[in-house]
>>> print(open('start-v4.pdb').read())   # PDB, C-alpha atoms
MODEL        1
ATOM      1  CA  MET A 216      96.827 109.426  84.970
ATOM      2  CA  LEU A 217      95.727 110.138  88.531
ATOM      3  CA  LEU A 218      97.080 108.108  91.438
ATOM      4  CA  ARG A 219      93.623 106.734  92.339
ATOM      5  CA  THR A 220      93.095 105.600  88.712
ATOM      6  CA  ALA A 221      96.383 103.679  88.762
ATOM      7  CA  ILE A 222      95.592 102.187  92.180
ATOM      8  CA  GLY A 223      92.139 101.119  90.962
ATOM      9  CA  ASP A 224      93.563  99.564  87.803
ATOM     10  CA  GLU A 225      96.143  97.583  89.771
ATOM     11  CA  LEU A 226      93.609  96.402  92.361
ATOM     12  CA  ARG A 227      91.267  95.173  89.628
ATOM     13  CA  ARG A 228      94.126  93.505  87.734
ATOM     14  CA  ASN A 229      95.178  91.625  90.869
ATOM     15  CA  ARG A 230      91.585  90.599  91.697
ATOM     16  CA  LEU A 231      90.924  89.334  88.183
ATOM     17  CA  SER A 232      94.263  87.479  88.031
ATOM     18  CA  GLN A 233      93.035  85.547  91.078
ATOM     19  CA  GLY A 234      89.707  84.851  89.352
ATOM     20  CA  ARG A 235      87.821  86.521  92.191
ATOM     21  CA  THR A 236      84.617  88.545  92.137
ATOM     22  CA  LEU A 237      83.970  92.034  93.512
ATOM     23  CA  ARG A 238      81.531  90.376  95.918
ATOM     24  CA  ASP A 239      84.162  87.998  97.271
ATOM     25  CA  VAL A 240      86.875  90.631  97.785
ATOM     26  CA  SER A 241      84.488  93.267  99.152
ATOM     27  CA  LYS A 242      83.230  90.775 101.742
ATOM     28  CA  ALA A 243      86.778  89.736 102.706
ATOM     29  CA  ALA A 244      87.867  93.377 103.051
ATOM     30  CA  SER A 245      84.652  94.523 104.806
ATOM     31  CA  VAL A 246      84.058  97.131 102.107
ATOM     32  CA  SER A 247      80.739  97.510 100.305
ATOM     33  CA  LEU A 248      80.664  96.032  96.804
ATOM     34  CA  GLY A 249      79.673  99.372  95.283
ATOM     35  CA  TYR A 250      82.492 101.190  97.038
ATOM     36  CA  LEU A 251      85.102  98.626  95.952
ATOM     37  CA  SER A 252      83.813  98.921  92.397
ATOM     38  CA  GLU A 253      84.169 102.724  92.555
ATOM     39  CA  ILE A 254      87.719 102.378  93.912
ATOM     40  CA  GLU A 255      88.636  99.991  91.087
ATOM     41  CA  ARG A 256      87.208 102.435  88.536
ATOM     42  CA  GLY A 257      89.183 105.323  90.047
ATOM     43  CA  VAL A 258      86.009 107.146  91.085
ATOM     44  CA  LYS A 259      86.712 107.122  94.834
ATOM     45  CA  GLU A 260      89.941 107.595  96.778
ATOM     46  CA  PRO A 261      90.433 104.738  99.230
ATOM     47  CA  SER A 262      91.832 105.706 102.625
ATOM     48  CA  SER A 263      95.197 104.163 103.455
ATOM     49  CA  GLU A 264      93.483 101.855 105.963
ATOM     50  CA  MET A 265      90.912 100.715 103.402
ATOM     51  CA  LEU A 266      93.640 100.130 100.833
ATOM     52  CA  ALA A 267      95.512  98.000 103.376
ATOM     53  CA  ALA A 268      92.338  95.966 104.031
ATOM     54  CA  ILE A 269      91.699  95.395 100.319
ATOM     55  CA  CYS A 270      95.341  94.402  99.734
ATOM     56  CA  ASP A 271      95.134  92.046 102.708
ATOM     57  CA  SER A 272      92.024  90.399 101.277
ATOM     58  CA  LEU A 273      93.967  89.920  98.014
ATOM     59  CA  ASP A 274      96.966  88.517  99.954
ATOM     60  CA  LEU A 275      98.970  91.346  98.403
ATOM     61  CA  LYS A 276     101.470  93.568 100.185
ATOM     62  CA  VAL A 277     100.706  97.294  99.886
ATOM     63  CA  SER A 278     104.363  97.848  98.925
ATOM     64  CA  ILE A 279     104.034  95.458  95.972
ATOM     65  CA  LEU A 280     100.825  97.161  94.825
ATOM     66  CA  ILE A 281     102.431 100.616  95.085
ATOM     67  CA  ASN A 282     105.533  99.508  93.188
ATOM     68  CA  SER A 283     103.248  98.301  90.365
ATOM     69  CA  VAL A 284     101.298 101.567  90.556
ATOM     70  CA  GLY A 285     104.572 103.494  90.231
ATOM     71  CA  GLN A 286     105.451 101.541  87.093
ATOM     72  CA  LEU A 287     101.981 102.114  85.644
ATOM     73  CA  LEU A 288     102.212 105.869  86.292
ATOM     74  CA  THR A 289     105.685 105.974  84.741
ATOM     75  CA  VAL A 290     104.450 104.294  81.559
ATOM     76  CA  ALA A 291     101.335 106.485  81.437
ATOM     77  CA  GLU A 292     103.272 109.729  81.865
ATOM     78  CA  PRO A 293     103.742 111.789  78.723
ATOM     79  CA  ALA A 294     107.296 111.270  77.507
ATOM     80  CA  ALA A 295     108.415 114.898  77.471
ATOM     81  CA  ASN A 296     111.913 114.090  76.263
ATOM     82  CA  VAL A 297     111.104 111.788  73.344
ATOM     83  CA  ILE A 298     113.097 112.814  70.312
ATOM     84  CA  ASN A 299     110.953 113.064  67.229
ATOM     85  CA  LEU A 300     112.970 111.151  64.624
ATOM     86  CA  HIS A 301     110.498 111.840  61.845
ATOM     87  CA  PRO A 302     109.274 115.393  62.297
ATOM     88  CA  VAL A 303     106.300 116.411  60.232
ATOM     89  CA  ALA A 304     107.191 119.242  57.867
ATOM     90  CA  THR A 305     105.601 122.439  59.110
ATOM     91  CA  ASN A 306     106.005 124.423  55.893
ATOM     92  CA  ARG A 307     104.157 123.481  52.734
ATOM     93  CA  ALA A 308     104.885 124.196  49.118
ATOM     94  CA  ALA A 309     102.925 127.310  48.148
TER      95      ALA A 309
ATOM     96  CA  MET B 246     103.543 101.974 107.480
ATOM     97  CA  LEU B 247     100.422 103.453 105.917
ATOM     98  CA  LEU B 248     100.464 104.755 102.351
ATOM     99  CA  ARG B 249      99.703 108.335 103.439
ATOM    100  CA  THR B 250     102.589 108.230 105.955
ATOM    101  CA  ALA B 251     105.014 107.186 103.213
ATOM    102  CA  ILE B 252     103.619 109.811 100.815
ATOM    103  CA  GLY B 253     103.958 112.492 103.506
ATOM    104  CA  ASP B 254     107.522 111.459 104.319
ATOM    105  CA  GLU B 255     108.552 111.581 100.657
ATOM    106  CA  LEU B 256     106.863 114.931 100.047
ATOM    107  CA  ARG B 257     108.648 116.462 103.039
ATOM    108  CA  ARG B 258     111.988 114.889 102.043
ATOM    109  CA  ASN B 259     111.668 116.396  98.543
ATOM    110  CA  ARG B 260     110.632 119.810  99.878
ATOM    111  CA  LEU B 261     113.521 119.947 102.358
ATOM    112  CA  SER B 262     116.037 118.747  99.757
ATOM    113  CA  GLN B 263     115.044 121.836  97.753
ATOM    114  CA  GLY B 264     115.491 124.029 100.835
ATOM    115  CA  ARG B 265     111.894 125.212 100.585
ATOM    116  CA  THR B 266     109.424 126.146 103.301
ATOM    117  CA  LEU B 267     105.908 124.816 103.890
ATOM    118  CA  ARG B 268     104.714 128.364 103.187
ATOM    119  CA  ASP B 269     106.411 128.484  99.795
ATOM    120  CA  VAL B 270     105.177 125.086  98.594
ATOM    121  CA  SER B 271     101.659 125.520  99.999
ATOM    122  CA  LYS B 272     101.339 128.822  98.152
ATOM    123  CA  ALA B 273     102.666 127.339  94.902
ATOM    124  CA  ALA B 274     100.287 124.364  95.175
ATOM    125  CA  SER B 275      97.292 126.439  96.319
ATOM    126  CA  VAL B 276      96.955 124.322  99.455
ATOM    127  CA  SER B 277      96.710 125.808 102.941
ATOM    128  CA  LEU B 278      99.912 125.658 104.966
ATOM    129  CA  GLY B 279      98.203 123.714 107.755
ATOM    130  CA  TYR B 280      96.791 121.166 105.346
ATOM    131  CA  LEU B 281     100.154 120.617 103.618
ATOM    132  CA  SER B 282     101.751 120.165 107.030
ATOM    133  CA  GLU B 283      99.122 117.548 107.934
ATOM    134  CA  ILE B 284      99.713 115.739 104.641
ATOM    135  CA  GLU B 285     103.475 115.698 105.269
ATOM    136  CA  ARG B 286     102.908 114.294 108.765
ATOM    137  CA  GLY B 287     100.607 111.579 107.408
ATOM    138  CA  VAL B 288      97.602 112.965 109.273
ATOM    139  CA  LYS B 289      95.491 113.730 106.186
ATOM    140  CA  GLU B 290      95.034 111.812 102.933
ATOM    141  CA  PRO B 291      95.654 114.089  99.957
ATOM    142  CA  SER B 292      93.306 113.617  97.024
ATOM    143  CA  SER B 293      95.009 112.535  93.802
ATOM    144  CA  GLU B 294      94.440 116.021  92.369
ATOM    145  CA  MET B 295      95.988 117.685  95.409
ATOM    146  CA  LEU B 296      98.944 115.313  95.295
ATOM    147  CA  ALA B 297      99.464 116.199  91.626
ATOM    148  CA  ALA B 298      99.379 119.926  92.497
ATOM    149  CA  ILE B 299     101.906 119.518  95.329
ATOM    150  CA  CYS B 300     104.208 117.421  93.114
ATOM    151  CA  ASP B 301     103.895 120.043  90.384
ATOM    152  CA  SER B 302     104.900 122.780  92.807
ATOM    153  CA  LEU B 303     107.959 120.672  93.714
ATOM    154  CA  ASP B 304     108.711 120.111  90.008
ATOM    155  CA  LEU B 305     108.420 116.404  90.754
ATOM    156  CA  LYS B 306     106.595 113.816  88.659
ATOM    157  CA  VAL B 307     103.918 111.887  90.567
ATOM    158  CA  SER B 308     105.383 108.678  89.132
ATOM    159  CA  ILE B 309     108.807 109.451  90.622
ATOM    160  CA  LEU B 310     107.247 110.231  94.005
ATOM    161  CA  ILE B 311     105.221 106.995  93.950
ATOM    162  CA  ASN B 312     108.252 104.921  92.965
ATOM    163  CA  SER B 313     110.089 106.346  96.000
ATOM    164  CA  VAL B 314     107.024 105.689  98.159
ATOM    165  CA  GLY B 315     106.997 102.078  96.966
ATOM    166  CA  GLN B 316     110.634 101.671  97.961
ATOM    167  CA  LEU B 317     109.977 103.244 101.357
ATOM    168  CA  LEU B 318     107.016 100.909 101.984
ATOM    169  CA  THR B 319     109.109  97.909 100.913
ATOM    170  CA  VAL B 320     111.876  98.792 103.381
ATOM    171  CA  ALA B 321     109.355  99.506 106.148
ATOM    172  CA  GLU B 322     107.488  96.241 105.681
ATOM    173  CA  PRO B 323     108.204  93.494 108.193
ATOM    174  CA  ALA B 324     110.488  90.971 106.529
ATOM    175  CA  ALA B 325     108.333  87.878 106.965
ATOM    176  CA  ASN B 326     110.706  85.611 105.097
ATOM    177  CA  VAL B 327     113.994  86.550 106.724
ATOM    178  CA  ILE B 328     115.884  83.440 107.741
ATOM    179  CA  ASN B 329     117.038  83.653 111.319
ATOM    180  CA  LEU B 330     120.647  82.486 111.145
ATOM    181  CA  HIS B 331     121.187  82.793 114.876
ATOM    182  CA  PRO B 332     118.008  81.595 116.533
ATOM    183  CA  VAL B 333     117.685  82.289 120.197
ATOM    184  CA  ALA B 334     117.346  79.075 122.174
ATOM    185  CA  THR B 335     113.764  78.725 123.357
ATOM    186  CA  ASN B 336     114.470  76.103 125.982
ATOM    187  CA  ARG B 337     116.487  76.891 129.034
ATOM    188  CA  ALA B 338     118.507  74.685 131.322
ATOM    189  CA  ALA B 339     116.295  73.772 134.244
TER     190      ALA B 339
ENDMDL
END
>>> encode(input="start-v4.pdb", output="structure tokens")
Amino acid sequence: MLLRTAIGDELRRNRLSQGRTLRDVSKAASVSLGYLSEIERGVKEPSSEMLAAICDSLDLKVSILINSVGQLLTVAEPAANVINLHPVATNRAA
Amino acid sequence: MLLRTAIGDELRRNRLSQGRTLRDVSKAASVSLGYLSEIERGVKEPSSEMLAAICDSLDLKVSILINSVGQLLTVAEPAANVINLHPVATNRAA
């Protein structure tokens, strides 16, 4: 999962948990509705300043958003060290 | 502190802790040396893909970097709710 995808997911989750529309938040953050939508969908990278403005309009500290993003990325990362307790047999009876 | 400043600080801290040069990491990540330097100094915003490439060249998971960045932003944030145990007197003897 890319960083901008995780940031977009967390921004949308926070907006929806507040029952707010894209229109409302985009107006409050002085970002166009289409651009905010693209950020939420992970299509566009927000600049750090724009991210701060969106967080501000959501009354959300950037640090809290980024901590959530870190958790989301951790969960989404392929677990390279998972032990396979039930390995599938690789050899078949002839 | 802006997100890109915290990301740059953490990238540089990780590179230096490995005793590696900008030249070495920029080559491994296929990023120009000048651009990597600007990212580390918080001058330029790396795209999510570029960040992934730099992390890869540092053998560092993006999730681990972002968790550190979250901690750095938390520490850097002004503590709005700190209780002032020793308030300075605001009125002076006339």
>>> resolve_selection(input="start-v4.pdb", expression="the PyMOL selection byres ((chain B) within 7 of (chain A))", output="mmCIF file with C-alpha atoms, keeping the file's coordinate frame")
data_model
loop_
_atom_site.group_PDB
_atom_site.id
_atom_site.type_symbol
_atom_site.label_atom_id
_atom_site.label_comp_id
_atom_site.auth_asym_id
_atom_site.auth_seq_id
_atom_site.Cartn_x
_atom_site.Cartn_y
_atom_site.Cartn_z
ATOM 1 C CA LEU B 247 100.422 103.453 105.917
ATOM 2 C CA LEU B 248 100.464 104.755 102.351
ATOM 3 C CA ARG B 249 99.703 108.335 103.439
ATOM 4 C CA GLU B 290 95.034 111.812 102.933
ATOM 5 C CA SER B 292 93.306 113.617 97.024
ATOM 6 C CA SER B 293 95.009 112.535 93.802
ATOM 7 C CA SER B 308 105.383 108.678 89.132
ATOM 8 C CA ILE B 311 105.221 106.995 93.950
ATOM 9 C CA ASN B 312 108.252 104.921 92.965
ATOM 10 C CA GLY B 315 106.997 102.078 96.966
ATOM 11 C CA LEU B 318 107.016 100.909 101.984
ATOM 12 C CA THR B 319 109.109 97.909 100.913
#
>>> residues_around(input="start-v4.pdb", residues="stretch 227-237 of chain A", least_positions_apart="5", cutoff="8 Å", atoms="only C-alpha atoms", output="ChimeraX atom specification")
/A:248,251-252,255,273
>>> atom_distance(input="start-v4.pdb", atom1="atom CA of A:Ile269", atom2="atom CA of B:Gly253")
21.3 Å
>>> atom_distance(input="start-v4.pdb", atom1="atom CA of A:Ala221", atom2="atom CA of A:Asp274")
18.9 Å
>>> residues_around(input="start-v4.pdb", residues="B:Gly279", least_positions_apart="3", cutoff="12 Å", atoms="all atoms listed in the file", output="NGL selection string")
:B and (267-268 or 270-272 or 275-276 or 282-286 or 288-289)
>>> atom_distance(input="start-v4.pdb", atom1="atom CA of B:Ser277", atom2="atom CA of B:Ile252")
17.6 Å
>>> build_atoms(input="start-v4.pdb", residues="stretch 273-295 of chain A", atoms="N, CA and C atoms", output="PDB file, in the frame of the given file")
ATOM      1  N   LEU A 273      93.409  90.461  99.269  1.00  0.00           N
ATOM      2  CA  LEU A 273      93.967  89.920  98.014  1.00  0.00           C
ATOM      3  C   LEU A 273      95.302  89.213  98.279  1.00  0.00           C
ATOM      4  N   ASP A 274      95.683  89.128  99.559  1.00  0.00           N
ATOM      5  CA  ASP A 274      96.966  88.517  99.954  1.00  0.00           C
ATOM      6  C   ASP A 274      98.119  89.199  99.200  1.00  0.00           C
ATOM      7  N   LEU A 275      98.037  90.519  99.177  1.00  0.00           N
ATOM      8  CA  LEU A 275      98.970  91.346  98.403  1.00  0.00           C
ATOM      9  C   LEU A 275      99.550  92.406  99.326  1.00  0.00           C
ATOM     10  N   LYS A 276     100.879  92.526  99.350  1.00  0.00           N
ATOM     11  CA  LYS A 276     101.470  93.568 100.185  1.00  0.00           C
ATOM     12  C   LYS A 276     101.217  94.935  99.550  1.00  0.00           C
ATOM     13  N   VAL A 277     100.923  95.938 100.386  1.00  0.00           N
ATOM     14  CA  VAL A 277     100.706  97.294  99.886  1.00  0.00           C
ATOM     15  C   VAL A 277     101.940  97.763  99.109  1.00  0.00           C
ATOM     16  N   SER A 278     103.121  97.422  99.599  1.00  0.00           N
ATOM     17  CA  SER A 278     104.363  97.848  98.925  1.00  0.00           C
ATOM     18  C   SER A 278     104.427  97.303  97.501  1.00  0.00           C
ATOM     19  N   ILE A 279     103.993  96.062  97.318  1.00  0.00           N
ATOM     20  CA  ILE A 279     104.034  95.458  95.972  1.00  0.00           C
ATOM     21  C   ILE A 279     103.020  96.153  95.067  1.00  0.00           C
ATOM     22  N   LEU A 280     101.825  96.417  95.610  1.00  0.00           N
ATOM     23  CA  LEU A 280     100.825  97.161  94.825  1.00  0.00           C
ATOM     24  C   LEU A 280     101.373  98.521  94.415  1.00  0.00           C
ATOM     25  N   ILE A 281     101.969  99.249  95.362  1.00  0.00           N
ATOM     26  CA  ILE A 281     102.431 100.616  95.085  1.00  0.00           C
ATOM     27  C   ILE A 281     103.604 100.610  94.106  1.00  0.00           C
ATOM     28  N   ASN A 282     104.455  99.602  94.183  1.00  0.00           N
ATOM     29  CA  ASN A 282     105.533  99.508  93.188  1.00  0.00           C
ATOM     30  C   ASN A 282     104.949  99.311  91.778  1.00  0.00           C
ATOM     31  N   SER A 283     103.908  98.488  91.664  1.00  0.00           N
ATOM     32  CA  SER A 283     103.248  98.301  90.365  1.00  0.00           C
ATOM     33  C   SER A 283     102.576  99.593  89.910  1.00  0.00           C
ATOM     34  N   VAL A 284     101.959 100.296  90.865  1.00  0.00           N
ATOM     35  CA  VAL A 284     101.298 101.567  90.556  1.00  0.00           C
ATOM     36  C   VAL A 284     102.324 102.581  90.043  1.00  0.00           C
ATOM     37  N   GLY A 285     103.504 102.592  90.667  1.00  0.00           N
ATOM     38  CA  GLY A 285     104.572 103.494  90.231  1.00  0.00           C
ATOM     39  C   GLY A 285     104.994 103.210  88.798  1.00  0.00           C
ATOM     40  N   GLN A 286     105.086 101.918  88.470  1.00  0.00           N
ATOM     41  CA  GLN A 286     105.451 101.541  87.093  1.00  0.00           C
ATOM     42  C   GLN A 286     104.365 101.968  86.111  1.00  0.00           C
ATOM     43  N   LEU A 287     103.107 101.749  86.511  1.00  0.00           N
ATOM     44  CA  LEU A 287     101.981 102.114  85.644  1.00  0.00           C
ATOM     45  C   LEU A 287     101.961 103.624  85.391  1.00  0.00           C
ATOM     46  N   LEU A 288     102.191 104.407  86.433  1.00  0.00           N
ATOM     47  CA  LEU A 288     102.212 105.869  86.292  1.00  0.00           C
ATOM     48  C   LEU A 288     103.376 106.313  85.410  1.00  0.00           C
ATOM     49  N   THR A 289     104.515 105.625  85.548  1.00  0.00           N
ATOM     50  CA  THR A 289     105.685 105.974  84.741  1.00  0.00           C
ATOM     51  C   THR A 289     105.395 105.757  83.260  1.00  0.00           C
ATOM     52  N   VAL A 290     104.775 104.618  82.954  1.00  0.00           N
ATOM     53  CA  VAL A 290     104.450 104.294  81.559  1.00  0.00           C
ATOM     54  C   VAL A 290     103.404 105.268  81.010  1.00  0.00           C
ATOM     55  N   ALA A 291     102.448 105.634  81.880  1.00  0.00           N
ATOM     56  CA  ALA A 291     101.335 106.485  81.437  1.00  0.00           C
ATOM     57  C   ALA A 291     101.733 107.943  81.276  1.00  0.00           C
ATOM     58  N   GLU A 292     102.873 108.322  81.890  1.00  0.00           N
ATOM     59  CA  GLU A 292     103.272 109.729  81.865  1.00  0.00           C
ATOM     60  C   GLU A 292     103.704 110.148  80.464  1.00  0.00           C
ATOM     61  N   PRO A 293     103.311 111.346  80.050  1.00  0.00           N
ATOM     62  CA  PRO A 293     103.742 111.789  78.723  1.00  0.00           C
ATOM     63  C   PRO A 293     105.263 111.874  78.670  1.00  0.00           C
ATOM     64  N   ALA A 294     105.842 111.278  77.645  1.00  0.00           N
ATOM     65  CA  ALA A 294     107.296 111.270  77.507  1.00  0.00           C
ATOM     66  C   ALA A 294     107.741 112.611  76.948  1.00  0.00           C
ATOM     67  N   ALA A 295     108.102 113.525  77.864  1.00  0.00           N
ATOM     68  CA  ALA A 295     108.415 114.898  77.471  1.00  0.00           C
ATOM     69  C   ALA A 295     109.708 114.975  76.671  1.00  0.00           C
TER      70      ALA A 295
END
